[in-house]
file entry_27.tsv (TSV, C-alpha atoms and all ligand atoms)
chain	number	residue	atom	x	y	z
A	4	MET	CA	0.00	0.00	0.00
A	5	LEU	CA	1.31	3.44	-0.97
A	6	LYS	CA	0.30	6.02	1.60
A	7	ILE	CA	0.75	9.75	1.04
A	8	GLU	CA	-0.10	11.67	4.18
A	9	ASN	CA	-0.42	15.46	4.43
A	10	VAL	CA	2.39	16.13	1.97
A	11	THR	CA	3.29	19.76	1.42
A	12	LYS	CA	5.84	20.75	-1.23
A	13	LYS	CA	6.96	24.21	-2.22
A	14	LEU	CA	8.88	24.92	-5.43
A	15	GLY	CA	10.49	28.35	-5.20
A	16	THR	CA	7.90	30.50	-3.47
A	17	GLN	CA	4.96	28.51	-4.84
A	18	VAL	CA	3.11	25.95	-2.72
A	19	VAL	CA	2.52	23.15	-5.24
A	20	LEU	CA	1.20	20.48	-2.86
A	21	ASP	CA	-0.61	21.49	0.29
A	22	ASN	CA	-1.48	18.78	2.82
A	23	CYS	CA	-2.01	16.34	-0.01
A	24	SER	CA	-3.12	12.82	1.01
A	25	LEU	CA	-3.79	9.69	-1.00
A	26	GLU	CA	-3.77	5.90	-0.57
A	27	ILE	CA	-3.18	3.45	-3.41
A	28	LYS	CA	-3.64	-0.29	-2.95
A	29	ASP	CA	-1.09	-2.85	-4.18
A	30	GLY	CA	-1.79	-4.14	-7.67
A	31	SER	CA	-3.76	-1.00	-8.68
A	32	VAL	CA	-3.35	0.91	-11.89
A	33	PHE	CA	-4.04	4.44	-10.72
A	34	GLY	CA	-4.72	7.30	-13.15
A	35	LEU	CA	-3.44	10.63	-11.83
A	36	ILE	CA	-5.27	13.42	-13.61
A	37	GLY	CA	-5.51	17.17	-13.20
A	38	PRO	CA	-5.25	20.45	-15.05
A	39	ASN	CA	-1.92	21.69	-16.45
A	40	GLY	CA	0.37	22.87	-13.69
A	41	ALA	CA	-1.69	21.20	-10.94
A	42	GLY	CA	1.35	19.41	-9.52
A	43	LYS	CA	1.10	15.86	-10.92
A	44	SER	CA	4.80	15.64	-11.86
A	45	THR	CA	5.72	17.21	-8.52
A	46	LEU	CA	3.71	14.58	-6.63
A	47	LEU	CA	5.31	11.76	-8.65
A	48	ARG	CA	8.78	13.22	-7.94
A	49	CYS	CA	7.95	13.38	-4.21
A	50	ILE	CA	6.86	9.72	-4.29
A	51	ALA	CA	10.13	8.81	-6.05
A	52	ASP	CA	12.06	10.81	-3.42
A	53	ILE	CA	13.55	13.00	-6.16
A	54	TYR	CA	11.93	15.97	-4.40
A	55	LYS	CA	12.05	16.07	-0.60
A	56	CYS	CA	8.66	16.89	0.91
A	57	ASP	CA	8.58	20.00	3.12
A	58	SER	CA	6.23	18.17	5.46
A	59	GLY	CA	4.12	15.03	5.52
A	60	THR	CA	5.10	11.41	4.87
A	61	ILE	CA	5.14	8.95	2.00
A	62	THR	CA	5.33	5.25	2.85
A	63	VAL	CA	5.22	1.99	0.93
A	64	ASP	CA	3.95	-0.90	3.04
A	65	GLY	CA	4.49	1.23	6.12
A	66	GLU	CA	8.14	2.07	5.31
A	67	SER	CA	9.27	5.58	4.44
A	68	ILE	CA	10.78	5.88	0.97
A	69	VAL	CA	13.21	8.63	2.01
A	70	GLU	CA	16.74	7.41	1.36
A	71	ASN	CA	15.48	3.83	1.53
A	72	GLU	CA	17.60	1.80	-0.90
A	73	TYR	CA	15.30	-1.26	-0.82
A	74	GLN	CA	12.22	0.82	-1.64
A	75	LYS	CA	14.09	2.71	-4.36
A	76	GLN	CA	15.16	-0.49	-6.10
A	77	ASN	CA	11.47	-1.37	-6.23
A	78	LEU	CA	10.37	1.98	-7.55
A	79	LEU	CA	10.87	3.60	-10.94
A	80	LEU	CA	9.75	6.99	-12.22
A	81	MET	CA	9.65	7.40	-15.98
A	82	SER	CA	9.28	11.11	-16.58
A	83	ASP	CA	7.89	12.55	-19.81
A	84	ASP	CA	11.48	13.35	-20.79
A	85	PRO	CA	13.73	10.70	-19.21
A	86	TYR	CA	17.47	11.11	-18.97
A	87	TYR	CA	19.68	9.35	-21.50
A	88	HIS	CA	23.30	9.90	-22.33
A	89	TYR	CA	23.62	11.85	-25.57
A	90	ASN	CA	25.80	9.24	-27.31
A	91	ALA	CA	24.38	6.11	-25.69
A	92	THR	CA	22.69	3.32	-27.60
A	93	LEU	CA	19.61	1.64	-26.16
A	94	ALA	CA	21.76	-1.37	-25.22
A	95	GLN	CA	24.12	0.92	-23.30
A	96	MET	CA	21.22	2.59	-21.49
A	97	VAL	CA	19.98	-0.86	-20.53
A	98	GLU	CA	23.39	-1.59	-18.93
A	99	PHE	CA	23.13	1.74	-17.09
A	100	TYR	CA	19.69	0.83	-15.66
A	101	LYS	CA	20.86	-2.69	-14.72
A	102	VAL	CA	23.33	-1.16	-12.24
A	103	PHE	CA	20.45	0.38	-10.26
A	104	TYR	CA	17.90	-2.36	-10.95
A	105	PRO	CA	19.59	-5.79	-10.75
A	106	GLN	CA	16.16	-7.42	-11.16
A	107	PHE	CA	16.14	-6.24	-14.83
A	108	ASP	CA	14.54	-9.12	-16.74
A	109	ASP	CA	16.36	-9.82	-20.05
A	110	GLU	CA	13.59	-12.12	-21.24
A	111	ILE	CA	10.96	-9.37	-20.97
A	112	TYR	CA	13.39	-6.89	-22.54
A	113	ARG	CA	14.08	-9.15	-25.57
A	114	LYS	CA	10.40	-9.95	-25.97
A	115	TYR	CA	9.28	-6.30	-26.13
A	116	LEU	CA	12.38	-5.17	-28.06
A	117	ASN	CA	11.20	-7.57	-30.73
A	118	ILE	CA	7.57	-6.42	-30.52
A	119	PHE	CA	8.46	-2.70	-30.53
A	120	LYS	CA	10.99	-3.36	-33.33
A	121	LEU	CA	13.63	-1.05	-31.88
A	122	ASN	CA	17.30	-1.29	-32.84
A	123	GLU	CA	19.17	-1.55	-29.55
A	124	ASN	CA	22.47	-0.65	-31.22
A	125	LYS	CA	21.21	2.68	-32.47
A	126	VAL	CA	22.18	5.86	-30.60
A	127	MET	CA	19.06	6.86	-28.69
A	128	ASN	CA	19.47	10.49	-29.64
A	129	ASN	CA	18.66	9.42	-33.21
A	130	PHE	CA	15.36	7.82	-32.14
A	131	SER	CA	12.17	9.77	-32.83
A	132	LYS	CA	10.28	11.17	-29.80
A	133	GLY	CA	7.85	8.24	-29.89
A	134	MET	CA	10.70	5.70	-30.26
A	135	LYS	CA	12.46	7.19	-27.21
A	136	ARG	CA	9.23	6.74	-25.26
A	137	GLN	CA	8.97	3.14	-26.46
A	138	ALA	CA	12.56	2.54	-25.39
A	139	PHE	CA	11.91	3.81	-21.86
A	140	ILE	CA	8.65	1.89	-21.59
A	141	LEU	CA	10.58	-1.20	-22.65
A	142	ILE	CA	13.13	-0.54	-19.89
A	143	ALA	CA	10.33	0.03	-17.34
A	144	LEU	CA	8.63	-3.24	-18.33
A	145	ALA	CA	11.91	-5.17	-18.04
A	146	ILE	CA	12.58	-3.69	-14.59
A	147	SER	CA	8.96	-4.31	-13.52
A	148	PRO	CA	9.37	-2.43	-10.24
A	149	LYS	CA	6.87	-2.98	-7.46
A	150	LEU	CA	5.83	0.67	-7.93
A	151	LEU	CA	6.01	2.15	-11.43
A	152	LEU	CA	5.36	5.86	-11.88
A	153	LEU	CA	4.67	6.91	-15.46
A	154	ASP	CA	4.55	10.64	-16.07
A	155	GLU	CA	2.78	11.18	-19.40
A	156	SER	CA	4.90	8.30	-20.69
A	157	PHE	CA	2.49	6.99	-23.27
A	158	ASP	CA	0.99	10.28	-24.48
A	159	GLY	CA	3.27	10.45	-27.54
A	160	LEU	CA	2.77	6.88	-28.73
A	161	ASP	CA	0.90	5.98	-31.90
A	162	PRO	CA	-2.41	4.05	-31.48
A	163	MET	CA	-0.82	0.67	-32.28
A	164	MET	CA	1.96	1.22	-29.75
A	165	ARG	CA	-0.54	2.37	-27.11
A	166	LEU	CA	-2.46	-0.86	-27.62
A	167	LEU	CA	0.71	-2.94	-27.29
A	168	PHE	CA	1.73	-0.94	-24.26
A	169	LYS	CA	-1.65	-1.50	-22.58
A	170	ARG	CA	-1.39	-5.25	-23.22
A	171	ALA	CA	2.19	-5.34	-21.91
A	172	ILE	CA	1.17	-3.47	-18.76
A	173	SER	CA	-1.68	-5.92	-18.06
A	174	GLU	CA	0.70	-8.83	-18.55
A	175	CYS	CA	3.33	-7.38	-16.20
A	176	ILE	CA	0.75	-6.55	-13.52
A	177	GLU	CA	-0.52	-10.11	-13.62
A	178	LYS	CA	2.96	-11.67	-13.50
A	179	LYS	CA	4.73	-9.25	-11.16
A	180	ASN	CA	1.86	-7.74	-9.11
A	181	MET	CA	3.04	-4.22	-9.87
A	182	THR	CA	1.32	-1.05	-8.73
A	183	ILE	CA	1.28	1.62	-11.41
A	184	ILE	CA	0.52	5.32	-11.25
A	185	ILE	CA	0.04	6.91	-14.63
A	186	SER	CA	-0.32	10.63	-15.09
A	187	SER	CA	-1.84	11.56	-18.41
A	188	HIS	CA	-4.05	14.06	-20.18
A	189	ASN	CA	-5.28	11.32	-22.47
A	190	LEU	CA	-8.24	10.32	-20.33
A	191	ARG	CA	-9.84	7.99	-22.87
A	192	GLU	CA	-6.68	5.90	-23.01
A	193	LEU	CA	-6.24	6.08	-19.27
A	194	GLU	CA	-9.76	4.81	-18.73
A	195	ASP	CA	-8.91	1.56	-20.54
A	196	ILE	CA	-5.89	0.90	-18.33
A	197	CYS	CA	-6.81	2.22	-14.88
A	198	ASP	CA	-8.97	0.67	-12.19
A	199	SER	CA	-8.74	3.70	-9.90
A	200	PHE	CA	-8.09	7.40	-10.32
A	201	GLY	CA	-7.52	10.68	-8.51
A	202	ILE	CA	-7.93	14.29	-9.53
A	203	LEU	CA	-5.15	16.61	-8.36
A	204	ASP	CA	-6.36	20.16	-8.13
A	205	ASP	CA	-6.03	23.05	-5.68
A	206	HIS	CA	-2.76	21.49	-4.44
A	207	LYS	CA	-4.35	18.25	-3.27
A	208	ILE	CA	-6.31	15.19	-4.38
A	209	THR	CA	-9.88	16.48	-4.52
A	210	THR	CA	-11.61	13.37	-5.89
A	211	SER	CA	-10.44	9.78	-5.91
A	212	GLY	CA	-11.85	6.30	-6.01
A	213	MET	CA	-12.39	3.14	-7.98
A	214	LEU	CA	-13.28	4.05	-11.53
A	215	ASP	CA	-16.22	1.61	-11.80
A	216	GLU	CA	-17.74	2.69	-8.50
A	217	THR	CA	-17.36	6.38	-9.38
A	218	LYS	CA	-18.97	5.82	-12.77
A	219	GLU	CA	-21.86	4.00	-11.07
A	220	ASN	CA	-22.34	7.02	-8.84
A	221	ILE	CA	-22.39	9.71	-11.55
A	222	HIS	CA	-25.24	9.82	-14.05
A	223	LYS	CA	-25.90	11.85	-17.14
A	224	ILE	CA	-29.67	12.32	-17.34
A	225	GLN	CA	-31.68	13.71	-20.22
A	226	LEU	CA	-35.19	14.90	-19.41
A	227	ALA	CA	-38.18	16.41	-21.21
A	228	PHE	CA	-41.07	18.12	-19.43
A	229	SER	CA	-44.47	19.38	-20.57
A	230	ILE	CA	-43.79	22.72	-18.85
A	231	GLU	CA	-40.56	24.67	-18.47
A	232	LYS	CA	-38.62	23.84	-15.30
A	233	GLN	CA	-36.01	25.76	-13.30
A	234	ARG	CA	-32.74	24.44	-11.92
A	235	SER	CA	-34.09	25.28	-8.45
A	236	ASP	CA	-36.79	22.60	-8.96
A	237	PHE	CA	-33.96	20.06	-8.54
A	238	SER	CA	-32.22	21.63	-5.55
A	239	ASP	CA	-32.28	18.28	-3.69
A	240	LEU	CA	-29.89	16.80	-6.28
A	241	ASP	CA	-26.08	17.04	-6.24
A	242	ILE	CA	-25.78	18.49	-9.75
A	243	LEU	CA	-22.34	18.66	-11.41
A	244	HIS	CA	-23.60	19.96	-14.73
A	245	TYR	CA	-26.93	21.49	-15.82
A	246	SER	CA	-27.99	22.68	-19.24
A	247	GLN	CA	-31.45	23.46	-20.53
A	248	THR	CA	-33.06	24.25	-23.85
A	249	SER	CA	-36.66	25.17	-23.23
A	250	ARG	CA	-38.33	22.05	-21.80
A	251	VAL	CA	-35.42	19.70	-22.42
A	252	ILE	CA	-32.83	19.38	-19.65
A	253	THR	CA	-29.47	17.58	-19.52
A	254	MET	CA	-27.88	17.20	-16.15
A	255	VAL	CA	-25.07	15.26	-14.59
A	256	VAL	CA	-25.90	14.20	-11.06
A	257	LYS	CA	-23.91	12.49	-8.30
A	258	GLY	CA	-25.51	9.93	-6.02
A	259	ASP	CA	-27.69	6.84	-5.79
A	260	LEU	CA	-29.66	6.42	-9.02
A	261	ASN	CA	-32.87	5.19	-7.31
A	262	LYS	CA	-32.98	8.26	-5.08
A	263	ILE	CA	-32.21	10.57	-8.01
A	264	GLU	CA	-34.96	8.99	-10.13
A	265	GLY	CA	-37.41	9.35	-7.21
A	266	ILE	CA	-36.69	13.09	-6.92
A	267	ILE	CA	-36.94	13.60	-10.70
A	268	ASN	CA	-40.14	11.52	-11.03
A	269	ALA	CA	-41.82	13.79	-8.47
A	270	GLN	CA	-41.49	16.50	-11.18
A	271	GLN	CA	-43.35	14.27	-13.66
A	272	PRO	CA	-41.00	14.23	-16.67
A	273	LEU	CA	-42.39	13.17	-20.05
A	274	MET	CA	-39.13	11.37	-20.80
A	275	MET	CA	-36.05	10.37	-18.78
A	276	ASP	CA	-32.92	8.81	-20.25
A	277	VAL	CA	-29.93	7.80	-18.09
A	278	LEU	CA	-26.57	7.61	-19.87
A	279	ASN	CA	-23.10	6.43	-18.78
A	280	VAL	CA	-20.29	8.92	-18.20
A	281	ASN	CA	-16.62	8.37	-19.01
A	282	LEU	CA	-13.49	9.51	-17.12
A	283	GLU	CA	-13.06	12.55	-19.34
A	284	GLU	CA	-16.60	13.69	-18.54
A	285	ILE	CA	-16.11	13.02	-14.81
A	286	PHE	CA	-13.02	15.25	-14.90
A	287	ILE	CA	-14.71	18.02	-16.90
A	288	TYR	CA	-17.85	18.01	-14.74
A	289	GLU	CA	-15.82	18.07	-11.51
A	290	MET	CA	-13.90	21.08	-12.87
A	291	GLU	CA	-17.16	22.69	-13.99
A	292	LYS	CA	-18.66	22.27	-10.52
A	293	LYS	CA	-15.69	24.22	-9.14
A	294	GLY	CA	-16.50	27.07	-11.50
A	295	VAL	CA	-13.47	26.65	-13.81
A	296	PHE	CA	-15.57	27.50	-16.89
A	297	GLU	CA	-17.54	30.38	-15.34
A	298	ASN	CA	-15.79	33.14	-17.27
A	299	VAL	CA	-15.26	31.14	-20.46
B	1	LIG	N1	11.56	23.72	-10.77
B	1	LIG	C1	10.48	24.46	-10.50
B	1	LIG	N2	10.60	25.65	-9.84
B	1	LIG	C2	9.52	26.40	-9.54
B	1	LIG	N3	8.26	26.06	-9.86
B	1	LIG	C3	8.08	24.92	-10.52
B	1	LIG	C4	9.17	24.04	-10.88
B	1	LIG	N4	8.67	22.96	-11.52
B	1	LIG	C5	7.34	23.14	-11.58
B	1	LIG	N5	6.98	24.29	-10.98
B	1	LIG	C6	5.61	24.81	-10.82
B	1	LIG	O1	4.90	23.86	-10.04
B	1	LIG	C7	3.57	23.74	-10.50
B	1	LIG	C8	3.27	22.28	-10.75
B	1	LIG	O2	4.05	21.79	-11.83
B	1	LIG	P1	3.97	20.29	-12.31
B	1	LIG	O3	4.94	20.12	-13.43
B	1	LIG	O4	4.09	19.41	-11.12
B	1	LIG	O5	2.45	20.23	-12.83
B	1	LIG	P2	1.72	19.12	-13.74
B	1	LIG	O6	0.40	18.88	-13.10
B	1	LIG	O7	2.60	17.94	-13.92
B	1	LIG	O8	1.55	19.93	-15.08
B	1	LIG	P3	1.31	19.44	-16.62
B	1	LIG	O9	0.02	18.68	-16.65
B	1	LIG	O10	1.20	20.75	-17.33
B	1	LIG	O11	2.51	18.62	-17.03
B	1	LIG	C9	3.45	24.63	-11.74
B	1	LIG	O12	2.82	25.83	-11.37
B	1	LIG	C10	4.89	24.90	-12.14
B	1	LIG	O13	5.01	26.18	-12.67
call {"tool": "encode", "arguments": {"input": "entry_27.tsv", "output": "structure tokens"}}
result
Amino acid sequence: MLKIENVTKKLGTQVVLDNCSLEIKDGSVFGLIGPNGAGKSTLLRCIADIYKCDSGTITVDGESIVENEYQKQNLLLMSDDPYYHYNATLAQMVEFYKVFYPQFDDEIYRKYLNIFKLNENKVMNNFSKGMKRQAFILIALAISPKLLLLDESFDGLDPMMRLLFKRAISECIEKKNMTIIISSHNLRELEDICDSFGILDDHKITTSGMLDETKENIHKIQLAFSIEKQRSDFSDLDILHYSQTSRVITMVVKGDLNKIEGIINAQQPLMMDVLNVNLEEIFIYEMEKKGVFENV
């Protein structure tokens, strides 16, 4: 279990994380989402002990990660722009990583090298941006750390590579019981991989949970009435989004569907349709509820 408790981190004069807390269970694939500049990379760097927290604690299975060699060998952060030596080939970078991660699995490496069709003897600086990402994903898969932190690592991959990557991740989780945190702005892709998610905003995790349970608790409802209604007619509902064109209303509501339907039925709608929401919509509606789009 990864436990982040009341972490505060300042960069320069700016408070990026403020009493931020989060728990992630072993074996989870956790999607870390949030607006640009919210502090996702900062949080991942704090977890990896690259940044020292100003206050608060981060533990894995009850042990602090700060200067903990055992935990660090079982943890890998792949940033969106990982370090590689300018003249190094992929094979040489692999040797570099093997020094820090003796568990590096050559069989996995060879398997995905073949699937990704990368030339390990080519200087990495001559790889395209997407190929560099593939190379680092390949290294991450071969290391298969207990805790893998991917910071926008698959955002630049082509659709075929993303599919392969998703399959590879599922395979590694099954075999190695890894926990993965993926930060990404590609919420549709993330939704296919993650079982849980958290929204980082206002310097902390504002919403988190199991993706399926959250989706079951948020409903997009389309309604038609014989007379025009007001938003205030639905004041008993926890509305994330409300839009109305004459007598037709679309709203996104949080809560138990039976209770919601009971409240709406009391207003005698002519028609009620309940639709599923996806992760992207959950994110947008949560931001909307906070008033992010008020002046747009
Ligand atoms: N080295 C630094 N010094 C000072 N401020 C920084 C530094 N790095 C990041 N910041 C600031 O910290 C905040 C959080 O940045 P961070 O990169 O963690 O956000 P993010 O959520 O990963 O953003 P994005 O989605 O745009 O990649 C931003 O306001 C950024 O300007």
call {"tool": "atom_distance", "arguments": {"input": "entry_27.tsv", "atom1": "atom P2 of ligand LIG 1 (chain B)", "atom2": "CA of Pro38 in chain A"}}
result
7.2 Å
call {"tool": "residues_near_ligand", "arguments": {"input": "entry_27.tsv", "ligand": "ligand LIG 1 (chain B)", "cutoff": "9 Å", "atoms": "only C-alpha atoms and all ligand atoms", "output": "JSON, numbers by chain"}}
result
{"A": [13, 14, 15, 16, 17, 18, 19, 20, 36, 37, 38, 39, 40, 41, 42, 43, 44, 45, 46, 47, 48, 83, 154, 155, 186, 187, 188, 203, 204, 206]}
call {"tool": "closest_residue", "arguments": {"input": "entry_27.tsv", "among": "A:Gln76, A:Pro148, A:Arg136, A:Lys6", "to": "Thr60 in chain A", "atoms": "all atoms listed in the file"}}
result
A:Lys6
call {"tool": "atom_distance", "arguments": {"input": "entry_27.tsv", "atom1": "CA of Val256 in chain A", "atom2": "CA of Pro272 in chain A"}}
result
16.1 Å
call {"tool": "residues_around", "arguments": {"input": "entry_27.tsv", "residues": "Met164 in chain A", "least_positions_apart": "5", "cutoff": "9 Å", "atoms": "all atoms listed in the file", "output": "MDAnalysis selection string"}}
result
chainID A and resid 119 137 157 169
call {"tool": "atom_distance", "arguments": {"input": "entry_27.tsv", "atom1": "CA of Asn128 in chain A", "atom2": "CA of Leu93 in chain A"}}
result
9.5 Å
call {"tool": "axis_aligned_box", "arguments": {"input": "entry_27.tsv", "around": "range 213-230 of chain A", "padding_each_side": "5 Å", "output": "JSON"}}
result
{"center_x": -28.4, "center_y": 12.2, "center_z": -14.6, "size_x": 42.1, "size_y": 31.1, "size_z": 23.2}
call {"tool": "residues_around", "arguments": {"input": "entry_27.tsv", "residues": "Arg191 in chain A", "least_positions_apart": "4", "cutoff": "7 Å", "atoms": "all atoms listed in the file", "output": "list of chain:residue names"}}
result
A:Asp195, A:Leu282, A:Glu283
call {"tool": "residues_around", "arguments": {"input": "entry_27.tsv", "residues": "Asp108 in chain A", "least_positions_apart": "4", "cutoff": "8 Å", "atoms": "all atoms listed in the file", "output": "PyMOL selection string"}}
result
chain A and resi 112+145-146
call {"tool": "closest_residue", "arguments": {"input": "entry_27.tsv", "among": "A:Glu110, A:Asp205, A:Glu123, A:Asp198", "to": "Val97 in chain A", "atoms": "all atoms listed in the file"}}
result
A:Glu123
call {"tool": "closest_residue", "arguments": {"input": "entry_27.tsv", "among": "A:Ser235, A:Thr92, A:Gln247, A:Ser31", "to": "Leu152 in chain A", "atoms": "all atoms listed in the file"}}
result
A:Ser31
call {"tool": "closest_residue", "arguments": {"input": "entry_27.tsv", "among": "A:Lys257, A:Lys223, A:Arg250, A:Lys132", "to": "Pro85 in chain A", "atoms": "all atoms listed in the file"}}
result
A:Lys132
call {"tool": "closest_residue", "arguments": {"input": "entry_27.tsv", "among": "A:Met81, A:Met254, A:Met96, A:Cys175", "to": "Val277 in chain A", "atoms": "only C-alpha atoms"}}
result
A:Met254
call {"tool": "closest_residue", "arguments": {"input": "entry_27.tsv", "among": "A:Phe103, A:Met4, A:Ile230, A:Asn22", "to": "Asp64 in chain A", "atoms": "all atoms listed in the file"}}
result
A:Met4
call {"tool": "residues_around", "arguments": {"input": "entry_27.tsv", "residues": "Ile252 in chain A", "least_positions_apart": "5", "cutoff": "8 Å", "atoms": "only C-alpha atoms", "output": "ChimeraX atom specification"}}
result
/A:225-227,245-247
